[in-house]
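K.L.:
Got a structure for you, questions after.
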Amino acid sequence: MFGRRNSIVMETNELTEYRKLVNYVSKGSNYRTLNGKDVLWLPVQVPQNVSVKEMLDDLFDKYKRLIRWCDLFKFEQDDISFVDDVCGKIINVLDSYLSGDVIEAHKVFSDVMNLYDNFFPTKDVENDILFYRMRKDLDLKNREDFYHLPTTMRNKCSSERFSIAGYPCFYIGYSKNDCFVEISKTGSMIGMTLNEIGSLKVLDLTFSKEQEEGEKLIDFLKAFPLIASCYVVTMNSIDTEKAKFREEYVIPQMLTSYLRLNKKYDGICYYSVRYENLDTLGRGENDYRNLVLFTNFTSGCEHDTILMEKFRPVRLKVYARKAPKER
């Protein structure tokens, strides 16, 4: 669903339900979106002179057609109505936000999340994985150098996909290559592990083998409109990094705001959108998953020390390396 399709040569009856669906969609022009890619292709690349809202409107139209017409497995009418409702509400969120009614946009987004309340994929952050934290600065040597931005430096906390301007979040990657792609070709990096399993729970916007069959696949397909809305990449500007407003950030930032307000989760697990040929099941240095963890501050503290102390530095020796060439 992200970029690369695994070229598996096998009989159709040996494929999982998900792989059958991918094959089905890739063969039909009915499921091509405005960017020329099929409706399940992520990240959602918005062509020149097309707005994010127009792109999602087209994608949702093709997606609703897919779940109605695809005969590989049967979507119940309640599931179809659910997807219709979610798609319509997400477009209404963008309509309200872009017309200046931000309060109404947040209200409608809360309605979307209430629909997902019982089955949206979540997970406990692993404590048997080495995570990586990177900074662009060279030769950083102290653990504190790798903390999130302190409250005294909110002016440097920019608007990012899952970060609201002025609110510091803590980002870590599942691999060194992921950090190179996300942060910089060179810089300082440190490894860290979570001290205790179950101490952090995140909303999971990634895909696993367990979701390729049965009810878990149905749940993922019901969640797909919201997931796709968080993986939009615009192509309208050569220098989008300096854009004052990023329309593709509206939905993911609202997701952060909602989860923070309701205190249901400690963060979000998501894929990098900077690597087009992403393998969703890649591990090791081919693992391009990230965690964005929300911060909470007590009076007089510049950092979320409770969150920082949940992690143990494993590789205190920081280093600078060049990023690998893109494949």
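The way I read the labels, and the way they are meant: chains A, B, ... in the order of the structure tokens, residue 1 as the first residue of every chain, and ligand 1 as the first ligand shown, with later ones counted on from there.
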Identify, on the basis of only C-alpha atoms, every residue whose closest approach to segment 115-131 of chain A does not exceed 7 Å; exclude the query and any residue fewer than 2 positions from it along the same chain; express the result as a PDB file with all heavy atoms, in the first residue's frame.

P.N.:
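And here is the file that came out, result-v4.pdb:
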```pdb
ATOM      1  N   ASP A 111     -16.070  13.933  16.073  1.00  0.00           N
ATOM      2  CA  ASP A 111     -17.102  12.973  15.653  1.00  0.00           C
ATOM      3  C   ASP A 111     -16.472  11.812  14.890  1.00  0.00           C
ATOM      4  O   ASP A 111     -16.870  10.650  15.060  1.00  0.00           O
ATOM      5  CB  ASP A 111     -18.144  13.669  14.762  1.00  0.00           C
ATOM      6  CG  ASP A 111     -18.991  14.680  15.520  1.00  0.00           C
ATOM      7  OD1 ASP A 111     -19.052  14.588  16.764  1.00  0.00           O
ATOM      8  OD2 ASP A 111     -19.583  15.553  14.857  1.00  0.00           O
ATOM      9  N   VAL A 112     -15.492  12.117  14.054  1.00  0.00           N
ATOM     10  CA  VAL A 112     -14.781  11.067  13.305  1.00  0.00           C
ATOM     11  C   VAL A 112     -14.114  10.102  14.272  1.00  0.00           C
ATOM     12  O   VAL A 112     -14.249   8.873  14.161  1.00  0.00           O
ATOM     13  CB  VAL A 112     -13.728  11.681  12.355  1.00  0.00           C
ATOM     14  CG1 VAL A 112     -12.871  10.576  11.732  1.00  0.00           C
ATOM     15  CG2 VAL A 112     -14.404  12.501  11.269  1.00  0.00           C
ATOM     16  N   MET A 113     -13.392  10.641  15.243  1.00  0.00           N
ATOM     17  CA  MET A 113     -12.646   9.794  16.174  1.00  0.00           C
ATOM     18  C   MET A 113     -13.579   8.996  17.075  1.00  0.00           C
ATOM     19  O   MET A 113     -13.253   7.874  17.484  1.00  0.00           O
ATOM     20  CB  MET A 113     -11.695  10.641  17.003  1.00  0.00           C
ATOM     21  CG  MET A 113     -10.564  11.261  16.194  1.00  0.00           C
ATOM     22  SD  MET A 113      -9.623  10.060  15.211  1.00  0.00           S
ATOM     23  CE  MET A 113      -8.903   9.051  16.516  1.00  0.00           C
ATOM     24  N   ARG A 133      17.393   8.400  18.065  1.00  0.00           N
ATOM     25  CA  ARG A 133      17.046   9.818  18.139  1.00  0.00           C
ATOM     26  C   ARG A 133      18.189  10.605  17.507  1.00  0.00           C
ATOM     27  O   ARG A 133      19.360  10.398  17.851  1.00  0.00           O
ATOM     28  CB  ARG A 133      16.860  10.225  19.595  1.00  0.00           C
ATOM     29  CG  ARG A 133      16.764  11.722  19.857  1.00  0.00           C
ATOM     30  CD  ARG A 133      15.384  12.254  19.603  1.00  0.00           C
ATOM     31  NE  ARG A 133      15.280  13.655  20.039  1.00  0.00           N
ATOM     32  CZ  ARG A 133      14.313  14.468  19.689  1.00  0.00           C
ATOM     33  NH1 ARG A 133      13.347  14.036  18.897  1.00  0.00           N
ATOM     34  NH2 ARG A 133      14.282  15.715  20.121  1.00  0.00           N
ATOM     35  N   ILE A 172      11.215   9.700  17.688  1.00  0.00           N
ATOM     36  CA  ILE A 172      12.264   8.692  17.594  1.00  0.00           C
ATOM     37  C   ILE A 172      11.959   7.771  16.421  1.00  0.00           C
ATOM     38  O   ILE A 172      10.807   7.600  16.019  1.00  0.00           O
ATOM     39  CB  ILE A 172      12.418   7.858  18.894  1.00  0.00           C
ATOM     40  CG1 ILE A 172      11.070   7.273  19.334  1.00  0.00           C
ATOM     41  CG2 ILE A 172      13.028   8.693  20.000  1.00  0.00           C
ATOM     42  CD1 ILE A 172      11.180   6.413  20.591  1.00  0.00           C
ATOM     43  N   GLY A 173      13.015   7.180  15.847  1.00  0.00           N
ATOM     44  CA  GLY A 173      12.859   6.313  14.691  1.00  0.00           C
ATOM     45  C   GLY A 173      13.206   4.877  15.014  1.00  0.00           C
ATOM     46  O   GLY A 173      13.923   4.592  15.977  1.00  0.00           O
ATOM     47  N   TYR A 174      12.731   3.966  14.177  1.00  0.00           N
ATOM     48  CA  TYR A 174      12.990   2.539  14.353  1.00  0.00           C
ATOM     49  C   TYR A 174      14.304   2.099  13.715  1.00  0.00           C
ATOM     50  O   TYR A 174      14.693   0.948  13.874  1.00  0.00           O
ATOM     51  CB  TYR A 174      11.843   1.728  13.764  1.00  0.00           C
ATOM     52  CG  TYR A 174      10.654   1.552  14.692  1.00  0.00           C
ATOM     53  CD1 TYR A 174       9.797   2.610  14.960  1.00  0.00           C
ATOM     54  CD2 TYR A 174      10.384   0.331  15.298  1.00  0.00           C
ATOM     55  CE1 TYR A 174       8.698   2.457  15.795  1.00  0.00           C
ATOM     56  CE2 TYR A 174       9.297   0.155  16.131  1.00  0.00           C
ATOM     57  CZ  TYR A 174       8.460   1.227  16.381  1.00  0.00           C
ATOM     58  OH  TYR A 174       7.376   1.073  17.221  1.00  0.00           O
ATOM     59  N   SER A 175      14.976   2.984  12.981  1.00  0.00           N
ATOM     60  CA  SER A 175      16.252   2.621  12.369  1.00  0.00           C
ATOM     61  C   SER A 175      17.088   3.871  12.151  1.00  0.00           C
ATOM     62  O   SER A 175      16.573   4.991  12.139  1.00  0.00           O
ATOM     63  CB  SER A 175      16.029   1.902  11.028  1.00  0.00           C
ATOM     64  OG  SER A 175      15.534   2.802  10.053  1.00  0.00           O
ATOM     65  N   GLY A 191      21.155   5.878  20.511  1.00  0.00           N
ATOM     66  CA  GLY A 191      20.207   4.770  20.608  1.00  0.00           C
ATOM     67  C   GLY A 191      19.564   4.758  21.976  1.00  0.00           C
ATOM     68  O   GLY A 191      20.165   5.195  22.969  1.00  0.00           O
ATOM     69  N   MET A 192      18.329   4.263  22.048  1.00  0.00           N
ATOM     70  CA  MET A 192      17.635   4.197  23.339  1.00  0.00           C
ATOM     71  C   MET A 192      16.587   3.099  23.314  1.00  0.00           C
ATOM     72  O   MET A 192      16.051   2.748  22.260  1.00  0.00           O
ATOM     73  CB  MET A 192      16.985   5.542  23.674  1.00  0.00           C
ATOM     74  CG  MET A 192      16.026   6.064  22.628  1.00  0.00           C
ATOM     75  SD  MET A 192      15.361   7.693  23.050  1.00  0.00           S
ATOM     76  CE  MET A 192      16.846   8.683  23.010  1.00  0.00           C
ATOM     77  N   THR A 193      16.323   2.533  24.473  1.00  0.00           N
ATOM     78  CA  THR A 193      15.282   1.521  24.611  1.00  0.00           C
ATOM     79  C   THR A 193      14.289   1.959  25.674  1.00  0.00           C
ATOM     80  O   THR A 193      14.622   2.716  26.595  1.00  0.00           O
ATOM     81  CB  THR A 193      15.869   0.156  25.011  1.00  0.00           C
ATOM     82  OG1 THR A 193      16.587   0.290  26.243  1.00  0.00           O
ATOM     83  CG2 THR A 193      16.798  -0.375  23.935  1.00  0.00           C
ATOM     84  N   LEU A 194      13.063   1.477  25.538  1.00  0.00           N
ATOM     85  CA  LEU A 194      12.035   1.755  26.537  1.00  0.00           C
ATOM     86  C   LEU A 194      12.255   0.841  27.728  1.00  0.00           C
ATOM     87  O   LEU A 194      12.487  -0.358  27.575  1.00  0.00           O
ATOM     88  CB  LEU A 194      10.650   1.520  25.928  1.00  0.00           C
ATOM     89  CG  LEU A 194       9.448   1.870  26.806  1.00  0.00           C
ATOM     90  CD1 LEU A 194       9.378   3.371  27.056  1.00  0.00           C
ATOM     91  CD2 LEU A 194       8.153   1.394  26.132  1.00  0.00           C
ATOM     92  N   ASN A 195      12.184   1.393  28.916  1.00  0.00           N
ATOM     93  CA  ASN A 195      12.478   0.620  30.123  1.00  0.00           C
ATOM     94  C   ASN A 195      11.451  -0.472  30.405  1.00  0.00           C
ATOM     95  O   ASN A 195      11.791  -1.576  30.822  1.00  0.00           O
ATOM     96  CB  ASN A 195      12.568   1.553  31.340  1.00  0.00           C
ATOM     97  CG  ASN A 195      13.799   2.424  31.302  1.00  0.00           C
ATOM     98  OD1 ASN A 195      14.867   1.983  30.884  1.00  0.00           O
ATOM     99  ND2 ASN A 195      13.663   3.675  31.714  1.00  0.00           N
ATOM    100  N   GLU A 196      10.171  -0.169  30.178  1.00  0.00           N
ATOM    101  CA  GLU A 196       9.118  -1.085  30.623  1.00  0.00           C
ATOM    102  C   GLU A 196       8.025  -1.199  29.581  1.00  0.00           C
ATOM    103  O   GLU A 196       7.460  -0.185  29.141  1.00  0.00           O
ATOM    104  CB  GLU A 196       8.533  -0.588  31.944  1.00  0.00           C
ATOM    105  CG  GLU A 196       7.466  -1.484  32.532  1.00  0.00           C
ATOM    106  CD  GLU A 196       6.908  -0.939  33.839  1.00  0.00           C
ATOM    107  OE1 GLU A 196       7.452   0.074  34.345  1.00  0.00           O
ATOM    108  OE2 GLU A 196       5.933  -1.507  34.348  1.00  0.00           O
ATOM    109  N   ILE A 197       7.687  -2.423  29.172  1.00  0.00           N
ATOM    110  CA  ILE A 197       6.596  -2.647  28.233  1.00  0.00           C
ATOM    111  C   ILE A 197       5.284  -2.253  28.888  1.00  0.00           C
ATOM    112  O   ILE A 197       5.069  -2.472  30.084  1.00  0.00           O
ATOM    113  CB  ILE A 197       6.552  -4.125  27.770  1.00  0.00           C
ATOM    114  CG1 ILE A 197       5.541  -4.314  26.629  1.00  0.00           C
ATOM    115  CG2 ILE A 197       6.228  -5.044  28.924  1.00  0.00           C
ATOM    116  CD1 ILE A 197       5.939  -3.673  25.340  1.00  0.00           C
ATOM    117  N   GLY A 198       4.417  -1.627  28.110  1.00  0.00           N
ATOM    118  CA  GLY A 198       3.123  -1.219  28.631  1.00  0.00           C
ATOM    119  C   GLY A 198       3.107   0.175  29.214  1.00  0.00           C
ATOM    120  O   GLY A 198       2.050   0.666  29.620  1.00  0.00           O
ATOM    121  N   LEU A 200       3.898   2.922  27.550  1.00  0.00           N
ATOM    122  CA  LEU A 200       3.488   3.875  26.527  1.00  0.00           C
ATOM    123  C   LEU A 200       2.576   3.176  25.515  1.00  0.00           C
ATOM    124  O   LEU A 200       2.923   2.122  24.980  1.00  0.00           O
ATOM    125  CB  LEU A 200       4.708   4.459  25.797  1.00  0.00           C
ATOM    126  CG  LEU A 200       5.621   5.395  26.592  1.00  0.00           C
ATOM    127  CD1 LEU A 200       6.859   5.736  25.770  1.00  0.00           C
ATOM    128  CD2 LEU A 200       4.886   6.658  27.010  1.00  0.00           C
ATOM    129  N   LYS A 201       1.432   3.758  25.249  1.00  0.00           N
ATOM    130  CA  LYS A 201       0.474   3.216  24.297  1.00  0.00           C
ATOM    131  C   LYS A 201       0.257   4.225  23.185  1.00  0.00           C
ATOM    132  O   LYS A 201       0.043   5.409  23.435  1.00  0.00           O
ATOM    133  CB  LYS A 201      -0.860   2.911  24.992  1.00  0.00           C
ATOM    134  CG  LYS A 201      -1.890   2.221  24.102  1.00  0.00           C
ATOM    135  CD  LYS A 201      -3.136   1.887  24.904  1.00  0.00           C
ATOM    136  CE  LYS A 201      -4.154   1.129  24.060  1.00  0.00           C
ATOM    137  NZ  LYS A 201      -5.372   0.792  24.838  1.00  0.00           N
ATOM    138  N   VAL A 202       0.329   3.756  21.939  1.00  0.00           N
ATOM    139  CA  VAL A 202       0.230   4.674  20.808  1.00  0.00           C
ATOM    140  C   VAL A 202      -0.828   4.212  19.814  1.00  0.00           C
ATOM    141  O   VAL A 202      -1.150   3.021  19.712  1.00  0.00           O
ATOM    142  CB  VAL A 202       1.585   4.813  20.078  1.00  0.00           C
ATOM    143  CG1 VAL A 202       2.625   5.443  20.986  1.00  0.00           C
ATOM    144  CG2 VAL A 202       2.075   3.465  19.548  1.00  0.00           C
ATOM    145  N   LEU A 203      -1.370   5.174  19.081  1.00  0.00           N
ATOM    146  CA  LEU A 203      -2.229   4.881  17.944  1.00  0.00           C
ATOM    147  C   LEU A 203      -1.326   4.429  16.806  1.00  0.00           C
ATOM    148  O   LEU A 203      -0.305   5.060  16.527  1.00  0.00           O
ATOM    149  CB  LEU A 203      -2.999   6.137  17.548  1.00  0.00           C
ATOM    150  CG  LEU A 203      -4.219   5.955  16.657  1.00  0.00           C
ATOM    151  CD1 LEU A 203      -5.335   5.275  17.437  1.00  0.00           C
ATOM    152  CD2 LEU A 203      -4.702   7.303  16.133  1.00  0.00           C
ATOM    153  N   ASP A 204      -1.685   3.337  16.156  1.00  0.00           N
ATOM    154  CA  ASP A 204      -0.797   2.720  15.156  1.00  0.00           C
ATOM    155  C   ASP A 204      -1.316   2.950  13.748  1.00  0.00           C
ATOM    156  O   ASP A 204      -2.321   2.363  13.339  1.00  0.00           O
ATOM    157  CB  ASP A 204      -0.667   1.228  15.446  1.00  0.00           C
ATOM    158  CG  ASP A 204       0.477   0.588  14.673  1.00  0.00           C
ATOM    159  OD1 ASP A 204       1.148   1.302  13.905  1.00  0.00           O
ATOM    160  OD2 ASP A 204       0.710  -0.621  14.853  1.00  0.00           O
ATOM    161  N   ASP A 219     -11.160  -4.101   9.704  1.00  0.00           N
ATOM    162  CA  ASP A 219     -10.962  -2.932  10.575  1.00  0.00           C
ATOM    163  C   ASP A 219      -9.967  -1.957   9.960  1.00  0.00           C
ATOM    164  O   ASP A 219     -10.145  -0.734  10.022  1.00  0.00           O
ATOM    165  CB  ASP A 219     -10.471  -3.371  11.959  1.00  0.00           C
ATOM    166  CG  ASP A 219     -11.572  -3.985  12.806  1.00  0.00           C
ATOM    167  OD1 ASP A 219     -12.759  -3.865  12.424  1.00  0.00           O
ATOM    168  OD2 ASP A 219     -11.259  -4.592  13.852  1.00  0.00           O
ATOM    169  N   ALA A 223     -10.515   1.899   8.704  1.00  0.00           N
ATOM    170  CA  ALA A 223      -9.667   2.992   9.197  1.00  0.00           C
ATOM    171  C   ALA A 223      -8.908   3.681   8.068  1.00  0.00           C
ATOM    172  O   ALA A 223      -8.361   4.774   8.270  1.00  0.00           O
ATOM    173  CB  ALA A 223      -8.678   2.453  10.234  1.00  0.00           C
TER     174      ALA A 223
END
```

K.L.:
Extract, using only C-alpha atoms, all DNA, RNA and protein residues at most 9 Å from Asp58 of chain A, discarding same-chain residues fewer than 4 positions from it, and format them as JSON, numbers by chain.

P.N.:
{"A": [33, 34, 53, 54, 62, 63]}

K.L.:
Restrict the selected residues to N, CA, C and O atoms and save them as a short mmCIF file (atom, residue, chain, number, x, y, z; two decimals), in the first residue's frame.

P.N.:
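The resulting file, selection08.cif, is reproduced below:
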```
data_model
loop_
_atom_site.label_atom_id
_atom_site.label_comp_id
_atom_site.auth_asym_id
_atom_site.auth_seq_id
_atom_site.Cartn_x
_atom_site.Cartn_y
_atom_site.Cartn_z
N THR A 33 -6.56 7.31 -9.12
CA THR A 33 -6.90 8.63 -8.58
C THR A 33 -6.27 9.73 -9.43
O THR A 33 -5.65 9.46 -10.45
N LEU A 34 -6.43 10.97 -9.00
CA LEU A 34 -5.95 12.12 -9.77
C LEU A 34 -4.44 12.10 -10.00
O LEU A 34 -3.95 12.74 -10.93
N LYS A 53 -7.81 18.87 -0.44
CA LYS A 53 -9.24 18.54 -0.36
C LYS A 53 -9.73 17.89 -1.65
O LYS A 53 -10.45 16.88 -1.62
N GLU A 54 -9.33 18.43 -2.80
CA GLU A 54 -9.73 17.84 -4.08
C GLU A 54 -9.17 16.44 -4.23
O GLU A 54 -9.86 15.52 -4.73
N LYS A 62 -13.29 7.04 -5.13
CA LYS A 62 -12.83 5.77 -5.70
C LYS A 62 -12.81 4.67 -4.63
O LYS A 62 -13.10 3.50 -4.91
N TYR A 63 -12.47 5.05 -3.41
CA TYR A 63 -12.39 4.06 -2.33
C TYR A 63 -13.78 3.52 -1.99
O TYR A 63 -13.96 2.31 -1.80
#
```

K.L.:
Please report, as a short mmCIF file (atom, residue, chain, number, x, y, z; two decimals) with N, CA, C and O atoms, in the first residue's frame, each residue of segment 144-294 of chain A to which DSSP assigns alpha helix (DSSP H) when run on this structure's backbone.

P.N.:
```cif
data_model
loop_
_atom_site.label_atom_id
_atom_site.label_comp_id
_atom_site.auth_asym_id
_atom_site.auth_seq_id
_atom_site.Cartn_x
_atom_site.Cartn_y
_atom_site.Cartn_z
N LYS A 176 18.38 3.66 11.96
CA LYS A 176 19.27 4.79 11.66
C LYS A 176 18.93 5.39 10.31
O LYS A 176 18.91 6.61 10.15
N ASN A 177 18.65 4.53 9.31
CA ASN A 177 18.32 5.04 7.98
C ASN A 177 17.07 5.92 8.02
O ASN A 177 16.98 6.91 7.29
N ASP A 178 16.12 5.54 8.84
CA ASP A 178 14.91 6.35 8.99
C ASP A 178 15.26 7.74 9.49
O ASP A 178 14.75 8.75 9.00
N CYS A 179 16.15 7.82 10.46
CA CYS A 179 16.57 9.13 11.00
C CYS A 179 17.29 9.96 9.94
O CYS A 179 17.08 11.17 9.84
N PHE A 180 18.14 9.31 9.14
CA PHE A 180 18.85 10.03 8.09
C PHE A 180 17.85 10.63 7.09
O PHE A 180 18.03 11.76 6.62
N VAL A 181 16.83 9.87 6.74
CA VAL A 181 15.84 10.34 5.78
C VAL A 181 14.98 11.45 6.39
O VAL A 181 14.67 12.44 5.73
N GLU A 182 14.62 11.31 7.64
CA GLU A 182 13.72 12.26 8.28
C GLU A 182 14.41 13.54 8.74
O GLU A 182 13.84 14.62 8.67
N GLY A 214 -9.08 -11.50 7.46
CA GLY A 214 -10.21 -11.52 8.40
C GLY A 214 -10.64 -10.17 8.95
O GLY A 214 -10.57 -9.14 8.28
N GLU A 215 -11.09 -10.19 10.20
CA GLU A 215 -11.65 -8.99 10.83
C GLU A 215 -10.62 -7.88 10.97
O GLU A 215 -10.97 -6.69 10.87
N LYS A 216 -9.36 -8.23 11.19
CA LYS A 216 -8.33 -7.19 11.32
C LYS A 216 -8.14 -6.44 10.01
O LYS A 216 -7.87 -5.23 10.00
N LEU A 217 -8.28 -7.15 8.89
CA LEU A 217 -8.20 -6.48 7.60
C LEU A 217 -9.40 -5.56 7.40
O LEU A 217 -9.26 -4.43 6.94
N ILE A 218 -10.60 -6.04 7.76
CA ILE A 218 -11.79 -5.21 7.64
C ILE A 218 -11.65 -3.94 8.48
O ILE A 218 -11.97 -2.83 8.04
N ASP A 219 -11.16 -4.10 9.70
CA ASP A 219 -10.96 -2.93 10.57
C ASP A 219 -9.97 -1.96 9.96
O ASP A 219 -10.15 -0.73 10.02
N PHE A 220 -8.88 -2.50 9.36
CA PHE A 220 -7.90 -1.63 8.74
C PHE A 220 -8.52 -0.88 7.55
O PHE A 220 -8.27 0.32 7.37
N LEU A 221 -9.32 -1.58 6.76
CA LEU A 221 -9.94 -0.93 5.60
C LEU A 221 -10.95 0.12 6.03
O LEU A 221 -11.14 1.13 5.34
N LYS A 222 -11.59 -0.08 7.16
CA LYS A 222 -12.50 0.95 7.69
C LYS A 222 -11.70 2.15 8.20
O LYS A 222 -12.17 3.29 8.13
N ALA A 223 -10.52 1.90 8.70
CA ALA A 223 -9.67 2.99 9.20
C ALA A 223 -8.91 3.68 8.07
O ALA A 223 -8.36 4.77 8.27
N PHE A 224 -8.88 3.08 6.88
CA PHE A 224 -8.04 3.57 5.80
C PHE A 224 -8.28 5.04 5.43
O PHE A 224 -7.32 5.77 5.17
N PRO A 225 -9.53 5.54 5.36
CA PRO A 225 -9.71 6.95 5.00
C PRO A 225 -8.97 7.91 5.93
O PRO A 225 -8.35 8.88 5.47
N LEU A 226 -9.01 7.65 7.23
CA LEU A 226 -8.29 8.51 8.16
C LEU A 226 -6.78 8.31 8.03
O LEU A 226 -6.01 9.28 8.05
N ILE A 227 -6.34 7.07 7.89
CA ILE A 227 -4.92 6.79 7.73
C ILE A 227 -4.37 7.48 6.49
O ILE A 227 -3.33 8.15 6.53
N ALA A 228 -5.09 7.35 5.36
CA ALA A 228 -4.65 8.00 4.12
C ALA A 228 -4.57 9.51 4.28
O ALA A 228 -3.66 10.16 3.73
N SER A 229 -5.49 10.09 5.04
CA SER A 229 -5.51 11.54 5.26
C SER A 229 -4.29 12.03 6.01
O SER A 229 -3.96 13.22 5.96
N VAL A 250 -3.32 19.43 8.20
CA VAL A 250 -4.53 19.74 8.97
C VAL A 250 -5.04 18.50 9.71
O VAL A 250 -5.26 18.53 10.93
N ILE A 251 -5.25 17.41 9.00
CA ILE A 251 -5.83 16.21 9.62
C ILE A 251 -4.86 15.57 10.63
O ILE A 251 -5.25 15.29 11.77
N PRO A 252 -3.59 15.32 10.28
CA PRO A 252 -2.69 14.71 11.27
C PRO A 252 -2.49 15.57 12.52
O PRO A 252 -2.38 15.04 13.62
N GLN A 253 -2.46 16.89 12.37
CA GLN A 253 -2.31 17.74 13.55
C GLN A 253 -3.58 17.72 14.41
O GLN A 253 -3.50 17.80 15.64
N MET A 254 -4.73 17.60 13.77
CA MET A 254 -5.97 17.46 14.53
C MET A 254 -5.98 16.14 15.28
O MET A 254 -6.52 16.05 16.38
N LEU A 255 -5.39 15.12 14.68
CA LEU A 255 -5.28 13.83 15.36
C LEU A 255 -4.45 13.97 16.62
O LEU A 255 -4.82 13.47 17.69
N THR A 256 -3.32 14.66 16.51
CA THR A 256 -2.49 14.91 17.70
C THR A 256 -3.27 15.66 18.76
O THR A 256 -3.26 15.30 19.94
N SER A 257 -3.96 16.71 18.35
CA SER A 257 -4.71 17.54 19.29
C SER A 257 -5.80 16.73 19.99
O SER A 257 -5.99 16.83 21.20
N TYR A 258 -6.50 15.89 19.22
CA TYR A 258 -7.57 15.08 19.80
C TYR A 258 -7.03 14.08 20.81
O TYR A 258 -7.57 13.93 21.91
N LEU A 259 -5.95 13.39 20.44
CA LEU A 259 -5.39 12.38 21.34
C LEU A 259 -4.82 13.02 22.60
O LEU A 259 -4.93 12.45 23.69
N ARG A 260 -4.22 14.20 22.46
CA ARG A 260 -3.70 14.91 23.64
C ARG A 260 -4.85 15.32 24.57
O ARG A 260 -4.78 15.15 25.79
N LEU A 261 -5.91 15.86 23.99
CA LEU A 261 -7.04 16.36 24.79
C LEU A 261 -7.73 15.23 25.52
O LEU A 261 -8.12 15.37 26.69
N ASN A 262 -7.88 14.09 24.86
CA ASN A 262 -8.61 12.97 25.46
C ASN A 262 -7.72 12.03 26.26
O ASN A 262 -8.22 11.12 26.91
#
```

K.L.:
For atom CA of Lys89 of chain A and atom CA of Phe60 of chain A, determine how far apart the two atoms are, in Å to one decimal place.

P.N.:
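It comes out at 11.2 Å.
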
K.L.:
What are the nearest atom pairs, with distances in Å to one decimal, for all residues of segment 198-300 of chain A that come at most 10 Å from segment 140-156 of chain A, using only C-alpha atoms, set out by chain and rising residue number as JSON lines?

P.N.:
```
{"residue": "A:Leu293", "atom": "CA", "partner": "A:His148", "partner_atom": "CA", "distance": 9.8}
{"residue": "A:Thr295", "atom": "CA", "partner": "A:His148", "partner_atom": "CA", "distance": 8.6}
{"residue": "A:Phe297", "atom": "CA", "partner": "A:Thr151", "partner_atom": "CA", "distance": 8.6}
{"residue": "A:Gly300", "atom": "CA", "partner": "A:Thr151", "partner_atom": "CA", "distance": 9.6}
```
